[in-house]
$ cat run04.cif   # mmCIF, N, CA and C atoms
data_entry
loop_
_atom_site.group_PDB
_atom_site.id
_atom_site.type_symbol
_atom_site.label_atom_id
_atom_site.label_comp_id
_atom_site.auth_asym_id
_atom_site.auth_seq_id
_atom_site.Cartn_x
_atom_site.Cartn_y
_atom_site.Cartn_z
ATOM 1 N N MET R 26 -30.263 -2.468 -3.418
ATOM 2 C CA MET R 26 -28.965 -2.318 -2.794
ATOM 3 C C MET R 26 -29.082 -2.596 -1.301
ATOM 4 N N TYR R 27 -28.002 -2.987 -0.702
ATOM 5 C CA TYR R 27 -27.935 -3.306 0.716
ATOM 6 C C TYR R 27 -28.153 -2.062 1.558
ATOM 7 N N GLU R 28 -29.028 -2.160 2.541
ATOM 8 C CA GLU R 28 -29.299 -1.054 3.455
ATOM 9 C C GLU R 28 -28.658 -1.350 4.809
ATOM 10 N N PRO R 29 -27.667 -0.560 5.215
ATOM 11 C CA PRO R 29 -27.030 -0.791 6.514
ATOM 12 C C PRO R 29 -28.016 -0.643 7.661
ATOM 13 N N ILE R 30 -27.951 -1.562 8.609
ATOM 14 C CA ILE R 30 -28.849 -1.543 9.752
ATOM 15 C C ILE R 30 -28.179 -0.855 10.931
ATOM 16 N N LEU R 31 -26.955 -1.244 11.217
ATOM 17 C CA LEU R 31 -26.216 -0.694 12.339
ATOM 18 C C LEU R 31 -25.202 0.329 11.863
ATOM 19 N N GLN R 32 -24.777 1.201 12.753
ATOM 20 C CA GLN R 32 -23.765 2.198 12.420
ATOM 21 C C GLN R 32 -22.489 1.530 11.917
ATOM 22 N N GLU R 33 -22.121 0.370 12.508
ATOM 23 C CA GLU R 33 -20.914 -0.347 12.086
ATOM 24 C C GLU R 33 -21.033 -0.825 10.651
ATOM 25 N N ASP R 34 -22.260 -1.058 10.190
ATOM 26 C CA ASP R 34 -22.478 -1.507 8.823
ATOM 27 C C ASP R 34 -21.982 -0.480 7.801
ATOM 28 N N PHE R 35 -22.036 0.806 8.154
ATOM 29 C CA PHE R 35 -21.544 1.828 7.237
ATOM 30 C C PHE R 35 -20.049 1.658 7.007
ATOM 31 N N ALA R 36 -19.301 1.350 8.070
ATOM 32 C CA ALA R 36 -17.868 1.130 7.932
ATOM 33 C C ALA R 36 -17.595 -0.101 7.072
ATOM 34 N N VAL R 37 -18.363 -1.159 7.287
ATOM 35 C CA VAL R 37 -18.203 -2.379 6.497
ATOM 36 C C VAL R 37 -18.539 -2.107 5.031
ATOM 37 N N LEU R 38 -19.610 -1.389 4.799
ATOM 38 C CA LEU R 38 -20.012 -1.042 3.443
ATOM 39 C C LEU R 38 -18.930 -0.206 2.750
ATOM 40 N N ASN R 39 -18.406 0.786 3.444
ATOM 41 C CA ASN R 39 -17.351 1.621 2.873
ATOM 42 C C ASN R 39 -16.081 0.821 2.617
ATOM 43 N N ALA R 40 -15.733 -0.087 3.529
ATOM 44 C CA ALA R 40 -14.549 -0.928 3.338
ATOM 45 C C ALA R 40 -14.707 -1.826 2.124
ATOM 46 N N SER R 41 -15.900 -2.366 1.929
ATOM 47 C CA SER R 41 -16.115 -3.233 0.771
ATOM 48 C C SER R 41 -16.035 -2.426 -0.521
ATOM 49 N N GLU R 42 -16.515 -1.199 -0.517
ATOM 50 C CA GLU R 42 -16.407 -0.330 -1.695
ATOM 51 C C GLU R 42 -14.945 -0.004 -1.981
ATOM 52 N N LEU R 43 -14.167 0.235 -0.939
ATOM 53 C CA LEU R 43 -12.737 0.497 -1.113
ATOM 54 C C LEU R 43 -12.040 -0.701 -1.749
ATOM 55 N N CYS R 44 -12.406 -1.894 -1.317
ATOM 56 C CA CYS R 44 -11.819 -3.112 -1.895
ATOM 57 C C CYS R 44 -12.149 -3.228 -3.379
ATOM 58 N N LYS R 45 -13.353 -2.851 -3.763
ATOM 59 C CA LYS R 45 -13.719 -2.881 -5.182
ATOM 60 C C LYS R 45 -12.848 -1.915 -5.979
ATOM 61 N N ILE R 46 -12.627 -0.744 -5.431
ATOM 62 C CA ILE R 46 -11.810 0.259 -6.108
ATOM 63 C C ILE R 46 -10.364 -0.225 -6.233
ATOM 64 N N LEU R 47 -9.837 -0.796 -5.163
ATOM 65 C CA LEU R 47 -8.457 -1.284 -5.180
ATOM 66 C C LEU R 47 -8.319 -2.554 -6.008
ATOM 67 N N GLY R 48 -9.420 -3.192 -6.330
ATOM 68 C CA GLY R 48 -9.385 -4.452 -7.057
ATOM 69 C C GLY R 48 -9.065 -4.340 -8.536
ATOM 70 N N ASP R 49 -8.888 -3.153 -9.037
ATOM 71 C CA ASP R 49 -8.564 -2.963 -10.448
ATOM 72 C C ASP R 49 -7.043 -2.993 -10.631
ATOM 73 N N TYR R 50 -6.567 -3.800 -11.564
ATOM 74 C CA TYR R 50 -5.138 -3.985 -11.801
ATOM 75 C C TYR R 50 -4.424 -2.670 -12.113
ATOM 76 N N ASN R 51 -4.988 -1.855 -12.979
ATOM 77 C CA ASN R 51 -4.347 -0.584 -13.343
ATOM 78 C C ASN R 51 -4.305 0.393 -12.174
ATOM 79 N N ARG R 52 -5.382 0.457 -11.414
ATOM 80 C CA ARG R 52 -5.388 1.349 -10.253
ATOM 81 C C ARG R 52 -4.390 0.874 -9.203
ATOM 82 N N MET R 53 -4.311 -0.439 -9.016
ATOM 83 C CA MET R 53 -3.369 -0.992 -8.043
ATOM 84 C C MET R 53 -1.932 -0.656 -8.439
ATOM 85 N N ARG R 54 -1.594 -0.824 -9.707
ATOM 86 C CA ARG R 54 -0.242 -0.494 -10.163
ATOM 87 C C ARG R 54 0.057 0.986 -9.950
ATOM 88 N N LEU R 55 -0.897 1.838 -10.264
ATOM 89 C CA LEU R 55 -0.722 3.274 -10.093
ATOM 90 C C LEU R 55 -0.493 3.613 -8.618
ATOM 91 N N LEU R 56 -1.314 3.055 -7.757
ATOM 92 C CA LEU R 56 -1.184 3.335 -6.328
ATOM 93 C C LEU R 56 0.123 2.795 -5.755
ATOM 94 N N LEU R 57 0.537 1.628 -6.198
ATOM 95 C CA LEU R 57 1.815 1.083 -5.726
ATOM 96 C C LEU R 57 2.968 1.975 -6.155
ATOM 97 N N LEU R 58 2.891 2.528 -7.339
ATOM 98 C CA LEU R 58 3.916 3.460 -7.796
ATOM 99 C C LEU R 58 3.974 4.695 -6.901
ATOM 100 N N LEU R 59 2.821 5.142 -6.450
ATOM 101 C CA LEU R 59 2.754 6.341 -5.603
ATOM 102 C C LEU R 59 2.893 6.042 -4.112
ATOM 103 N N SER R 60 3.010 4.787 -3.747
ATOM 104 C CA SER R 60 2.997 4.431 -2.318
ATOM 105 C C SER R 60 4.247 4.860 -1.566
ATOM 106 N N ASP R 61 5.250 5.386 -2.265
ATOM 107 C CA ASP R 61 6.438 5.887 -1.586
ATOM 108 C C ASP R 61 6.261 7.334 -1.115
ATOM 109 N N ALA R 62 5.068 7.863 -1.237
ATOM 110 C CA ALA R 62 4.684 9.200 -0.777
ATOM 111 C C ALA R 62 5.261 10.320 -1.640
ATOM 112 N N GLN R 63 5.858 9.987 -2.765
ATOM 113 C CA GLN R 63 6.382 11.005 -3.671
ATOM 114 C C GLN R 63 5.290 11.457 -4.635
ATOM 115 N N GLU R 64 5.276 12.735 -4.924
ATOM 116 C CA GLU R 64 4.378 13.256 -5.951
ATOM 117 C C GLU R 64 4.958 12.915 -7.313
ATOM 118 N N ARG R 65 4.092 12.579 -8.218
ATOM 119 C CA ARG R 65 4.510 12.319 -9.597
ATOM 120 C C ARG R 65 3.498 12.954 -10.542
ATOM 121 N N THR R 66 3.997 13.353 -11.682
ATOM 122 C CA THR R 66 3.097 13.910 -12.700
ATOM 123 C C THR R 66 2.411 12.770 -13.443
ATOM 124 N N ILE R 67 1.321 13.113 -14.089
ATOM 125 C CA ILE R 67 0.625 12.133 -14.935
ATOM 126 C C ILE R 67 1.606 11.594 -15.985
ATOM 127 N N SER R 68 2.423 12.471 -16.540
ATOM 128 C CA SER R 68 3.394 12.050 -17.554
ATOM 129 C C SER R 68 4.393 11.049 -16.985
ATOM 130 N N GLU R 69 4.908 11.300 -15.782
ATOM 131 C CA GLU R 69 5.844 10.366 -15.151
ATOM 132 C C GLU R 69 5.180 9.011 -14.907
ATOM 133 N N ILE R 70 3.956 9.055 -14.422
ATOM 134 C CA ILE R 70 3.217 7.811 -14.146
ATOM 135 C C ILE R 70 3.017 7.032 -15.438
ATOM 136 N N THR R 71 2.650 7.737 -16.493
ATOM 137 C CA THR R 71 2.428 7.110 -17.791
ATOM 138 C C THR R 71 3.675 6.372 -18.261
ATOM 139 N N VAL R 72 4.826 7.005 -18.136
ATOM 140 C CA VAL R 72 6.086 6.385 -18.562
ATOM 141 C C VAL R 72 6.425 5.189 -17.683
ATOM 142 N N LYS R 73 6.351 5.372 -16.365
ATOM 143 C CA LYS R 73 6.701 4.291 -15.436
ATOM 144 C C LYS R 73 5.816 3.063 -15.609
ATOM 145 N N LEU R 74 4.529 3.283 -15.860
ATOM 146 C CA LEU R 74 3.595 2.167 -16.001
ATOM 147 C C LEU R 74 3.496 1.661 -17.442
ATOM 148 N N GLN R 75 4.190 2.342 -18.339
ATOM 149 C CA GLN R 75 4.110 2.006 -19.763
ATOM 150 C C GLN R 75 2.649 1.904 -20.202
ATOM 151 N N SER R 76 1.933 2.962 -19.914
ATOM 152 C CA SER R 76 0.499 3.003 -20.164
ATOM 153 C C SER R 76 0.168 4.246 -20.976
ATOM 154 N N SER R 77 -1.065 4.355 -21.401
ATOM 155 C CA SER R 77 -1.481 5.545 -22.131
ATOM 156 C C SER R 77 -1.843 6.659 -21.147
ATOM 157 N N GLN R 78 -1.665 7.886 -21.609
ATOM 158 C CA GLN R 78 -1.989 9.024 -20.761
ATOM 159 C C GLN R 78 -3.486 9.074 -20.457
ATOM 160 N N SER R 79 -4.305 8.676 -21.410
ATOM 161 C CA SER R 79 -5.753 8.711 -21.169
ATOM 162 C C SER R 79 -6.157 7.697 -20.096
ATOM 163 N N LEU R 80 -5.542 6.503 -20.108
ATOM 164 C CA LEU R 80 -5.856 5.505 -19.080
ATOM 165 C C LEU R 80 -5.414 5.989 -17.699
ATOM 166 N N VAL R 81 -4.212 6.532 -17.621
ATOM 167 C CA VAL R 81 -3.712 7.026 -16.332
ATOM 168 C C VAL R 81 -4.585 8.176 -15.838
ATOM 169 N N SER R 82 -4.910 9.109 -16.710
ATOM 170 C CA SER R 82 -5.763 10.245 -16.318
ATOM 171 C C SER R 82 -7.117 9.766 -15.824
ATOM 172 N N HIS R 83 -7.679 8.774 -16.496
ATOM 173 C CA HIS R 83 -8.975 8.218 -16.083
ATOM 174 C C HIS R 83 -8.873 7.593 -14.692
ATOM 175 N N GLN R 84 -7.831 6.801 -14.450
ATOM 176 C CA GLN R 84 -7.668 6.158 -13.142
ATOM 177 C C GLN R 84 -7.430 7.198 -12.051
ATOM 178 N N VAL R 85 -6.638 8.216 -12.356
ATOM 179 C CA VAL R 85 -6.390 9.288 -11.387
ATOM 180 C C VAL R 85 -7.706 9.985 -11.037
ATOM 181 N N ARG R 86 -8.516 10.274 -12.039
ATOM 182 C CA ARG R 86 -9.803 10.933 -11.780
ATOM 183 C C ARG R 86 -10.687 10.087 -10.865
ATOM 184 N N LEU R 87 -10.767 8.777 -11.145
ATOM 185 C CA LEU R 87 -11.577 7.894 -10.296
ATOM 186 C C LEU R 87 -11.047 7.850 -8.859
ATOM 187 N N LEU R 88 -9.740 7.745 -8.716
ATOM 188 C CA LEU R 88 -9.151 7.671 -7.377
ATOM 189 C C LEU R 88 -9.276 8.997 -6.631
ATOM 190 N N LYS R 89 -9.265 10.072 -7.360
ATOM 191 C CA LYS R 89 -9.461 11.388 -6.742
ATOM 192 C C LYS R 89 -10.902 11.547 -6.255
ATOM 193 N N GLU R 90 -11.857 11.053 -7.038
ATOM 194 C CA GLU R 90 -13.274 11.154 -6.668
ATOM 195 C C GLU R 90 -13.578 10.452 -5.353
ATOM 196 N N VAL R 91 -12.843 9.385 -5.046
ATOM 197 C CA VAL R 91 -13.089 8.646 -3.800
ATOM 198 C C VAL R 91 -12.053 8.995 -2.728
ATOM 199 N N HIS R 92 -11.350 10.104 -2.932
ATOM 200 C CA HIS R 92 -10.435 10.682 -1.944
ATOM 201 C C HIS R 92 -9.231 9.788 -1.613
ATOM 202 N N ILE R 93 -8.820 8.958 -2.568
ATOM 203 C CA ILE R 93 -7.620 8.142 -2.372
ATOM 204 C C ILE R 93 -6.397 8.909 -2.867
ATOM 205 N N LEU R 94 -6.565 9.697 -3.905
ATOM 206 C CA LEU R 94 -5.484 10.523 -4.433
ATOM 207 C C LEU R 94 -5.838 11.991 -4.299
ATOM 208 N N THR R 95 -4.801 12.794 -4.206
ATOM 209 C CA THR R 95 -4.961 14.242 -4.339
ATOM 210 C C THR R 95 -4.136 14.667 -5.545
ATOM 211 N N THR R 96 -4.562 15.743 -6.161
ATOM 212 C CA THR R 96 -3.823 16.275 -7.300
ATOM 213 C C THR R 96 -3.666 17.777 -7.123
ATOM 214 N N ARG R 97 -2.632 18.286 -7.777
ATOM 215 C CA ARG R 97 -2.463 19.734 -7.858
ATOM 216 C C ARG R 97 -1.882 20.037 -9.222
ATOM 217 N N LYS R 98 -2.282 21.155 -9.770
ATOM 218 C CA LYS R 98 -1.830 21.522 -11.108
ATOM 219 C C LYS R 98 -0.862 22.690 -10.995
ATOM 220 N N THR R 99 0.288 22.528 -11.644
ATOM 221 C CA THR R 99 1.271 23.593 -11.732
ATOM 222 C C THR R 99 1.609 23.768 -13.204
ATOM 223 N N GLY R 100 1.181 24.862 -13.762
ATOM 224 C CA GLY R 100 1.370 25.062 -15.194
ATOM 225 C C GLY R 100 0.597 24.013 -15.966
ATOM 226 N N LYS R 101 1.282 23.304 -16.838
ATOM 227 C CA LYS R 101 0.608 22.267 -17.622
ATOM 228 C C LYS R 101 0.713 20.888 -16.980
ATOM 229 N N TYR R 102 1.343 20.792 -15.829
ATOM 230 C CA TYR R 102 1.557 19.492 -15.182
ATOM 231 C C TYR R 102 0.568 19.267 -14.035
ATOM 232 N N VAL R 103 0.046 18.034 -13.968
ATOM 233 C CA VAL R 103 -0.816 17.626 -12.864
ATOM 234 C C VAL R 103 -0.007 16.662 -12.006
ATOM 235 N N TYR R 104 0.171 17.016 -10.742
ATOM 236 C CA TYR R 104 0.917 16.195 -9.795
ATOM 237 C C TYR R 104 -0.066 15.386 -8.950
ATOM 238 N N CYS R 105 0.277 14.114 -8.721
ATOM 239 C CA CYS R 105 -0.587 13.207 -7.970
ATOM 240 C C CYS R 105 0.169 12.647 -6.780
ATOM 241 N N LYS R 106 -0.575 12.405 -5.711
ATOM 242 C CA LYS R 106 -0.017 11.675 -4.579
ATOM 243 C C LYS R 106 -1.149 11.019 -3.808
ATOM 244 N N ILE R 107 -0.795 10.009 -3.041
ATOM 245 C CA ILE R 107 -1.788 9.322 -2.217
ATOM 246 C C ILE R 107 -2.211 10.256 -1.093
ATOM 247 N N ALA R 108 -3.510 10.350 -0.885
ATOM 248 C CA ALA R 108 -4.066 11.314 0.067
ATOM 249 C C ALA R 108 -3.776 10.974 1.516
ATOM 250 N N ASP R 109 -3.679 9.685 1.829
ATOM 251 C CA ASP R 109 -3.524 9.273 3.222
ATOM 252 C C ASP R 109 -2.550 8.108 3.311
ATOM 253 N N HIS R 110 -1.643 8.180 4.241
ATOM 254 C CA HIS R 110 -0.623 7.137 4.424
ATOM 255 C C HIS R 110 -1.245 5.764 4.651
ATOM 256 N N PHE R 111 -2.445 5.700 5.198
ATOM 257 C CA PHE R 111 -3.090 4.409 5.457
ATOM 258 C C PHE R 111 -3.297 3.605 4.164
ATOM 259 N N ILE R 112 -3.537 4.287 3.067
ATOM 260 C CA ILE R 112 -3.698 3.583 1.795
ATOM 261 C C ILE R 112 -2.398 2.877 1.424
ATOM 262 N N SER R 113 -1.284 3.550 1.605
ATOM 263 C CA SER R 113 0.020 2.926 1.334
ATOM 264 C C SER R 113 0.243 1.717 2.223
ATOM 265 N N VAL R 114 -0.135 1.818 3.469
ATOM 266 C CA VAL R 114 0.023 0.695 4.404
ATOM 267 C C VAL R 114 -0.851 -0.484 3.964
ATOM 268 N N ILE R 115 -2.087 -0.208 3.589
ATOM 269 C CA ILE R 115 -2.987 -1.264 3.118
ATOM 270 C C ILE R 115 -2.384 -1.964 1.907
ATOM 271 N N LEU R 116 -1.864 -1.191 0.972
ATOM 272 C CA LEU R 116 -1.270 -1.767 -0.237
ATOM 273 C C LEU R 116 -0.074 -2.656 0.093
ATOM 274 N N GLN R 117 0.780 -2.196 0.986
ATOM 275 C CA GLN R 117 1.956 -2.979 1.357
ATOM 276 C C GLN R 117 1.555 -4.270 2.060
ATOM 277 N N LEU R 118 0.544 -4.203 2.905
ATOM 278 C CA LEU R 118 0.056 -5.408 3.576
ATOM 279 C C LEU R 118 -0.552 -6.392 2.578
ATOM 280 N N LEU R 119 -1.298 -5.889 1.609
ATOM 281 C CA LEU R 119 -1.856 -6.758 0.573
ATOM 282 C C LEU R 119 -0.748 -7.457 -0.213
ATOM 283 N N LEU R 120 0.291 -6.715 -0.548
ATOM 284 C CA LEU R 120 1.406 -7.319 -1.278
ATOM 285 C C LEU R 120 2.108 -8.388 -0.452
ATOM 286 N N LEU R 121 2.359 -8.081 0.809
ATOM 287 C CA LEU R 121 2.999 -9.072 1.689
ATOM 288 C C LEU R 121 2.162 -10.332 1.799
ATOM 289 N N TYR R 122 0.876 -10.158 1.973
ATOM 290 C CA TYR R 122 -0.024 -11.301 2.097
ATOM 291 C C TYR R 122 -0.006 -12.155 0.832
ATOM 292 N N THR R 123 -0.136 -11.502 -0.322
ATOM 293 C CA THR R 123 -0.182 -12.270 -1.560
ATOM 294 C C THR R 123 1.161 -12.935 -1.867
ATOM 295 N N GLN R 124 2.258 -12.268 -1.538
ATOM 296 C CA GLN R 124 3.569 -12.877 -1.757
ATOM 297 C C GLN R 124 3.750 -14.102 -0.868
ATOM 298 N N LYS R 125 3.232 -14.026 0.334
ATOM 299 C CA LYS R 125 3.374 -15.142 1.266
ATOM 300 C C LYS R 125 2.481 -16.326 0.868
ATOM 301 N N HIS R 126 1.259 -16.041 0.461
ATOM 302 C CA HIS R 126 0.280 -17.104 0.257
ATOM 303 C C HIS R 126 0.070 -17.524 -1.192
ATOM 304 N N PHE R 127 0.445 -16.695 -2.134
ATOM 305 C CA PHE R 127 0.160 -17.020 -3.529
ATOM 306 C C PHE R 127 1.391 -17.141 -4.410
ATOM 307 N N SER R 128 2.549 -16.864 -3.884
ATOM 308 C CA SER R 128 3.750 -16.882 -4.721
ATOM 309 C C SER R 128 4.139 -18.309 -5.131
ATOM 310 N N LYS R 129 3.633 -19.324 -4.449
ATOM 311 C CA LYS R 129 3.970 -20.703 -4.761
ATOM 312 C C LYS R 129 3.032 -21.325 -5.780
ATOM 313 N N CYS R 130 2.002 -20.584 -6.180
ATOM 314 C CA CYS R 130 1.012 -21.105 -7.150
ATOM 315 C C CYS R 130 1.575 -21.140 -8.544
#

$ encode --input "run04.cif" --output "structure tokens"
Amino acid sequence: MYEPILQEDFAVLNASELCKILGDYNRMRLLLLLSDAQERTISEITVKLQSSQSLVSHQVRLLKEVHILTTRKTGKYVYCKIADHFISVILQLLLLYTQKHFSKC
């Protein structure tokens, strides 16, 4: 594995890992759904994405492990939201970029 030499390399390494995480189609759809800063339950996300509850739960767990999502449980419901507004900004910028440069393909 790559060994960072300079302190700045840690930031580059972490940024590249973040890109890998965001590079998954299902995770991207989930995050875009949550990018309006509203909390949603796993059940709501499942319906909106027309996906299985197990897939959504798995993606939520992965995103929570890397501190992109936060969750809280109230009764039988698990509520999810994006942990930091910067993630929403990154997602919106990615969408703008791809719409500008790839929509004509």

$ atom_distance --input "run04.cif" --atom1 "atom CA of R:Leu80" --atom2 "atom CA of R:Leu55"
10.6 Å

$ closest_atom_pairs --input "run04.cif" --of "stretch 26-62 of chain R" --to "stretch 107-128 of chain R" --cutoff "8 Å" --atoms "only N, CA and C atoms" --output "tab-separated table"
residue	atom	partner	partner_atom	distance
R:Leu56	C	R:Ser113	CA	7.1
R:Leu57	CA	R:Leu116	CA	6.9
R:Leu59	C	R:Ile107	N	5.5
R:Ser60	CA	R:Ser113	CA	4.9
R:Asp61	N	R:Ser113	CA	6.8
R:Ala62	CA	R:Ile107	N	6.0

$ closest_residue --input "run04.cif" --among "R:Ile67, R:Val72, R:Lys89, R:Gln78" --to "R:Val103" --atoms "only C-alpha atoms"
R:Ile67

$ atom_distance --input "run04.cif" --atom1 "atom CA of R:Gly100" --atom2 "atom CA of R:Ser82"
16.5 Å

$ closest_residue --input "run04.cif" --among "R:Asn51, R:Gln75, R:Val81, R:Ser68" --to "R:Tyr102" --atoms "all atoms listed in the file"
R:Ser68

$ select_by_dssp --input "run04.cif" --residues "chain R" --states "helix (DSSP H, G or I)" --output "ChimeraX atom specification"
/R:32-47,50-59,67-74,78-90,110-127

$ resolve_selection --input "run04.cif" --expression "the PyMOL selection byres ((chain R and resi 95) around 8)" --output "PyMOL selection string"
chain R and resi 85+88-90+92-94+96-98+103-109

$ write_last_selection --input "run04.cif" --atoms "N, CA and C atoms" --output "PDB file, in the coordinates of the input"
ATOM      1  N   VAL R  85      -6.638   8.216 -12.356  1.00  0.00           N
ATOM      2  CA  VAL R  85      -6.390   9.288 -11.387  1.00  0.00           C
ATOM      3  C   VAL R  85      -7.706   9.985 -11.037  1.00  0.00           C
ATOM      4  N   LEU R  88      -9.740   7.745  -8.716  1.00  0.00           N
ATOM      5  CA  LEU R  88      -9.151   7.671  -7.377  1.00  0.00           C
ATOM      6  C   LEU R  88      -9.276   8.997  -6.631  1.00  0.00           C
ATOM      7  N   LYS R  89      -9.265  10.072  -7.360  1.00  0.00           N
ATOM      8  CA  LYS R  89      -9.461  11.388  -6.742  1.00  0.00           C
ATOM      9  C   LYS R  89     -10.902  11.547  -6.255  1.00  0.00           C
ATOM     10  N   GLU R  90     -11.857  11.053  -7.038  1.00  0.00           N
ATOM     11  CA  GLU R  90     -13.274  11.154  -6.668  1.00  0.00           C
ATOM     12  C   GLU R  90     -13.578  10.452  -5.353  1.00  0.00           C
ATOM     13  N   HIS R  92     -11.350  10.104  -2.932  1.00  0.00           N
ATOM     14  CA  HIS R  92     -10.435  10.682  -1.944  1.00  0.00           C
ATOM     15  C   HIS R  92      -9.231   9.788  -1.613  1.00  0.00           C
ATOM     16  N   ILE R  93      -8.820   8.958  -2.568  1.00  0.00           N
ATOM     17  CA  ILE R  93      -7.620   8.142  -2.372  1.00  0.00           C
ATOM     18  C   ILE R  93      -6.397   8.909  -2.867  1.00  0.00           C
ATOM     19  N   LEU R  94      -6.565   9.697  -3.905  1.00  0.00           N
ATOM     20  CA  LEU R  94      -5.484  10.523  -4.433  1.00  0.00           C
ATOM     21  C   LEU R  94      -5.838  11.991  -4.299  1.00  0.00           C
ATOM     22  N   THR R  96      -4.562  15.743  -6.161  1.00  0.00           N
ATOM     23  CA  THR R  96      -3.823  16.275  -7.300  1.00  0.00           C
ATOM     24  C   THR R  96      -3.666  17.777  -7.123  1.00  0.00           C
ATOM     25  N   ARG R  97      -2.632  18.286  -7.777  1.00  0.00           N
ATOM     26  CA  ARG R  97      -2.463  19.734  -7.858  1.00  0.00           C
ATOM     27  C   ARG R  97      -1.882  20.037  -9.222  1.00  0.00           C
ATOM     28  N   LYS R  98      -2.282  21.155  -9.770  1.00  0.00           N
ATOM     29  CA  LYS R  98      -1.830  21.522 -11.108  1.00  0.00           C
ATOM     30  C   LYS R  98      -0.862  22.690 -10.995  1.00  0.00           C
ATOM     31  N   VAL R 103       0.046  18.034 -13.968  1.00  0.00           N
ATOM     32  CA  VAL R 103      -0.816  17.626 -12.864  1.00  0.00           C
ATOM     33  C   VAL R 103      -0.007  16.662 -12.006  1.00  0.00           C
ATOM     34  N   TYR R 104       0.171  17.016 -10.742  1.00  0.00           N
ATOM     35  CA  TYR R 104       0.917  16.195  -9.795  1.00  0.00           C
ATOM     36  C   TYR R 104      -0.066  15.386  -8.950  1.00  0.00           C
ATOM     37  N   CYS R 105       0.277  14.114  -8.721  1.00  0.00           N
ATOM     38  CA  CYS R 105      -0.587  13.207  -7.970  1.00  0.00           C
ATOM     39  C   CYS R 105       0.169  12.647  -6.780  1.00  0.00           C
ATOM     40  N   LYS R 106      -0.575  12.405  -5.711  1.00  0.00           N
ATOM     41  CA  LYS R 106      -0.017  11.675  -4.579  1.00  0.00           C
ATOM     42  C   LYS R 106      -1.149  11.019  -3.808  1.00  0.00           C
ATOM     43  N   ILE R 107      -0.795  10.009  -3.041  1.00  0.00           N
ATOM     44  CA  ILE R 107      -1.788   9.322  -2.217  1.00  0.00           C
ATOM     45  C   ILE R 107      -2.211  10.256  -1.093  1.00  0.00           C
ATOM     46  N   ALA R 108      -3.510  10.350  -0.885  1.00  0.00           N
ATOM     47  CA  ALA R 108      -4.066  11.314   0.067  1.00  0.00           C
ATOM     48  C   ALA R 108      -3.776  10.974   1.516  1.00  0.00           C
ATOM     49  N   ASP R 109      -3.679   9.685   1.829  1.00  0.00           N
ATOM     50  CA  ASP R 109      -3.524   9.273   3.222  1.00  0.00           C
ATOM     51  C   ASP R 109      -2.550   8.108   3.311  1.00  0.00           C
TER      52      ASP R 109
END

$ atom_distance --input "run04.cif" --atom1 "atom CA of R:Glu64" --atom2 "atom C of R:Ser79"
18.5 Å

$ closest_residue --input "run04.cif" --among "R:Thr66, R:Cys44, R:Asp34, R:Arg52" --to "R:Gln84" --atoms "only N, CA and C atoms"
R:Arg52

$ select_by_dssp --input "run04.cif" --residues "stretch 94-126 of chain R" --states "strand (DSSP E or B)" --output "short mmCIF file (atom, residue, chain, number, x, y, z; two decimals) with N, CA and C atoms, in the coordinates of the input"
data_model
loop_
_atom_site.label_atom_id
_atom_site.label_comp_id
_atom_site.auth_asym_id
_atom_site.auth_seq_id
_atom_site.Cartn_x
_atom_site.Cartn_y
_atom_site.Cartn_z
N LEU R 94 -6.56 9.70 -3.90
CA LEU R 94 -5.48 10.52 -4.43
C LEU R 94 -5.84 11.99 -4.30
N THR R 95 -4.80 12.79 -4.21
CA THR R 95 -4.96 14.24 -4.34
C THR R 95 -4.14 14.67 -5.54
N THR R 96 -4.56 15.74 -6.16
CA THR R 96 -3.82 16.27 -7.30
C THR R 96 -3.67 17.78 -7.12
N ARG R 97 -2.63 18.29 -7.78
CA ARG R 97 -2.46 19.73 -7.86
C ARG R 97 -1.88 20.04 -9.22
N LYS R 98 -2.28 21.16 -9.77
CA LYS R 98 -1.83 21.52 -11.11
C LYS R 98 -0.86 22.69 -11.00
N THR R 99 0.29 22.53 -11.64
CA THR R 99 1.27 23.59 -11.73
C THR R 99 1.61 23.77 -13.20
N TYR R 102 1.34 20.79 -15.83
CA TYR R 102 1.56 19.49 -15.18
C TYR R 102 0.57 19.27 -14.04
N VAL R 103 0.05 18.03 -13.97
CA VAL R 103 -0.82 17.63 -12.86
C VAL R 103 -0.01 16.66 -12.01
N TYR R 104 0.17 17.02 -10.74
CA TYR R 104 0.92 16.20 -9.80
C TYR R 104 -0.07 15.39 -8.95
N CYS R 105 0.28 14.11 -8.72
CA CYS R 105 -0.59 13.21 -7.97
C CYS R 105 0.17 12.65 -6.78
N LYS R 106 -0.57 12.40 -5.71
CA LYS R 106 -0.02 11.68 -4.58
C LYS R 106 -1.15 11.02 -3.81
N ILE R 107 -0.80 10.01 -3.04
CA ILE R 107 -1.79 9.32 -2.22
C ILE R 107 -2.21 10.26 -1.09
#

$ axis_aligned_box --input "run04.cif" --around "stretch 38-57 of chain R" --padding-each-side "6 Å" --output "JSON"
{"center_x": -8.5, "center_y": -0.4, "center_z": -4.3, "size_x": 35.0, "size_y": 20.1, "size_z": 30.1}
